[in-house]
Number of protein chains: 2
Amino acid sequence: MSQLEYIKNENKKHSEIFKDGNLPLPPSRKIAVLACMDARLLVDQVLGLKIGEAHIIRNAGGIATDDAIRSLIISHELLGTKEIIVVNHTNCSMVTFKDEDLQKIISEKYNNDTTNIRFHAFESVEDNVKNQIKHIRSVPFLSEIISVSGFIYDVSTGNITQVS
Amino acid sequence: MSQLEYIKNENKKHSEIFKDGNLPLPPSRKIAVLACMDARLLVDQVLGLKIGEAHIIRNAGGIATDDAIRSLIISHELLGTKEIIVVNHTNCSMVTFKDEDLQKIISEKYNNDTTNIRFHAFESVEDNVKNQIKHIRSVPFLSEIISVSGFIYDVSTGNITQVS
C-alpha cells in the first residue's frame with residue numbers, strides 16, 4: 001500500500017468515529033505551542049492537549065523565525081491566545097550539523113548556491129530554547145502575551161523538563 | 001490550575017505509560033507534512049500517523065514559506081523523507097482577513113509599522129493548497145522528492161479530501 005493510500009484509509013477510520021465537529025475556531029486553552037518538527041514528538045499527546053485547545057506551530061528546531069512570529073501574531077491578535085510554549089527535545093538533528101556544512105553539501109549536489117539559506121542549526125538545545133523565548137519576548141506585537149515558557153522533551157523517557 | 005500546571009500534570013501521566021523511547025531519528029514512513037496550525041486539526045490522528053513516522057511542520061495557513069522550505073530541506077536531505085503532504089482545512093481563519101487589514105490594526109495598536117510583515121492571508125483554501133504544492137515542486141533542493149500531495153481537512157466531519 002502506498003503512503004497516500006495508507007493515509008486515506010486511516011482518515012476513513014478517523015472520520016467514522018469523529019465527534020468534535022462543532023468546536024469554535026479560537027483555541028480554548030488560549031495556548032500557542034512552538035515546537036520542533038521531530039517525528040518522535042507528538043505534541044498533543046506529550047502536553048495533554050486535546051482537539052480545539054491550542055495552536056501548534058512547528059519547524060526544524062522549534063525556532064522563532066519570522067514565519068513562526070507571523071503565525072504567533074495571527075494566533076494572538078486574531079484568535080486570542082495568551083500563552084506561548086516553546087518545545088525542543090533531546091537527540092535533535094539540529095545539533096548534528098552546522099549551517100555551512102549543509103549549505104556546502106546542497107550547493108554541490110544541486111550545483112546551485114544555498115549560502116543565503118540559514119538553516120538555524122544550534123549547539124545546545126537548552127540555549128536554543130532560551131534564545132527563542134528571549135526573541136519572542138522582544139517582539140513588540142506579542143507584548144500582551146502573559147507568559148512565554150520553554151521545555152525540553154526527552155524522547156527516551158517521554159518527560160518534559162522546564163527550561164528556566 | 002494554571003495552563004503550565006495542567007501541561008506538567010498531563011505530561012507526568014504521559015511519561016508513566018510511555019513505551020517508545022528507542023525510536024530512530026529519521027521518520028519511518030519517510031513523510032513530511034506541512035499543515036495549518038489550527039487547534040482543531042490534530043495532524044497525527046487525522047492522517048493516522050504514529051510516533052516516529054513523519055515530520056510535522058505547521059504554521060498559520062500551512063504555507064510553504066522560506067521557513068517551511070528550510071525545514072523540508074533538512075527533513076529530506078538529512079533525514080531521508082521522500083513524500084510531502086500539504087494539509088489545509090475548512091473554516092480557516094486565514095480567509096477571514098486581508099494582510100493590509102491586519103497590518104493596519106497592529107500598526108495602530110502598537111504604534112509600530114508592520115507593513116513589512118506578510119501574513120499570507122488567502123481567499124480560497126483549495127487555491128492555497130495548489131499554490132503551496134506548486135511552490136514546493138519548484139524548489140531545486142527538493143527536486144528528488146517523489147510526491148507532493150495536498151488535502152483539505154473538513155473540521156466538521158473529520159474527512160480529508162485530496163486536492164488535484
# chains A, B, ... in the order shown; residues from 1 in each chain; ligands from 1
>>> interface_residues(of="chain B", to="chain A", cutoff="7 Å", atoms="only C-alpha atoms", output="VMD selection string")
chain B and resid 7 10 to 12 14 to 15 18 21 to 22 27 37 to 40 42 46 to 48 51 to 60 67 to 68 70 to 71 110 119 141 155 to 160
>>> select_by_dssp(residues="segment 1-109 of chain B", states="helix (DSSP H, G or I)", output="JSON, numbers by chain")
{"B": [3, 4, 5, 6, 7, 8, 9, 10, 11, 12, 13, 14, 15, 16, 43, 44, 45, 46, 47, 66, 67, 68, 69, 70, 71, 72, 73, 74, 75, 76, 77, 78, 79, 93, 94, 95, 99, 100, 101, 102, 103, 104, 105, 106, 107, 108, 109]}
>>> write_last_selection(atoms="C-alpha atoms", output="mmCIF file, in the first residue's frame")
data_model
loop_
_atom_site.group_PDB
_atom_site.id
_atom_site.type_symbol
_atom_site.label_atom_id
_atom_site.label_comp_id
_atom_site.auth_asym_id
_atom_site.auth_seq_id
_atom_site.Cartn_x
_atom_site.Cartn_y
_atom_site.Cartn_z
ATOM 1 C CA GLN B 3 -2.106 26.051 31.966
ATOM 2 C CA LEU B 4 1.517 25.211 32.795
ATOM 3 C CA GLU B 5 0.491 23.142 35.808
ATOM 4 C CA TYR B 6 -2.071 21.365 33.630
ATOM 5 C CA ILE B 7 0.550 20.554 30.998
ATOM 6 C CA LYS B 8 3.061 19.317 33.563
ATOM 7 C CA ASN B 9 0.428 17.048 35.134
ATOM 8 C CA GLU B 10 -0.630 15.700 31.755
ATOM 9 C CA ASN B 11 2.976 15.059 30.765
ATOM 10 C CA LYS B 12 3.552 13.146 34.007
ATOM 11 C CA LYS B 13 0.687 10.819 33.065
ATOM 12 C CA HIS B 14 2.076 10.556 29.513
ATOM 13 C CA SER B 15 5.574 9.609 30.639
ATOM 14 C CA GLU B 16 4.274 6.965 33.056
ATOM 15 C CA VAL B 43 -2.474 16.080 12.297
ATOM 16 C CA ASP B 44 -1.294 12.726 13.653
ATOM 17 C CA GLN B 45 -4.811 11.497 14.398
ATOM 18 C CA VAL B 46 -6.326 12.841 11.182
ATOM 19 C CA LEU B 47 -3.729 11.097 8.984
ATOM 20 C CA ASP B 66 11.035 30.130 3.312
ATOM 21 C CA ASP B 67 10.993 28.695 6.842
ATOM 22 C CA ALA B 68 8.839 25.719 5.849
ATOM 23 C CA ILE B 69 11.134 25.138 2.854
ATOM 24 C CA ARG B 70 14.152 25.286 5.212
ATOM 25 C CA SER B 71 12.522 22.612 7.375
ATOM 26 C CA LEU B 72 11.616 20.485 4.347
ATOM 27 C CA ILE B 73 15.196 20.617 3.052
ATOM 28 C CA ILE B 74 16.538 19.456 6.435
ATOM 29 C CA SER B 75 13.837 16.765 6.567
ATOM 30 C CA HIS B 76 14.648 15.485 3.087
ATOM 31 C CA GLU B 77 18.401 15.962 2.870
ATOM 32 C CA LEU B 78 19.440 14.947 6.381
ATOM 33 C CA LEU B 79 16.611 12.657 7.458
ATOM 34 C CA SER B 93 -9.129 31.977 9.866
ATOM 35 C CA MET B 94 -6.741 32.841 7.021
ATOM 36 C CA VAL B 95 -9.698 33.551 4.699
ATOM 37 C CA ASP B 99 -2.961 41.234 5.059
ATOM 38 C CA GLU B 100 -3.488 45.003 4.794
ATOM 39 C CA ASP B 101 -6.275 44.915 7.413
ATOM 40 C CA LEU B 102 -4.175 43.067 9.970
ATOM 41 C CA GLN B 103 -1.142 45.246 9.237
ATOM 42 C CA LYS B 104 -3.293 48.338 9.878
ATOM 43 C CA ILE B 105 -4.839 47.008 13.123
ATOM 44 C CA ILE B 106 -1.464 46.064 14.582
ATOM 45 C CA SER B 107 0.407 49.125 13.356
ATOM 46 C CA GLU B 108 -2.157 51.372 15.047
ATOM 47 C CA LYS B 109 -2.426 49.289 18.224
#
>>> select_by_dssp(residues="chain A", states="strand (DSSP E or B)", output="PyMOL selection string")
chain A and resi 31-36+54-59+83-89+147-153+160-163
>>> atom_distance(atom1="atom CA of Asn131 of chain A", atom2="atom CA of Ile145 of chain A")
17.1 Å
>>> atom_distance(atom1="atom CA of Ile84 of chain B", atom2="atom CA of Val148 of chain B")
4.7 Å
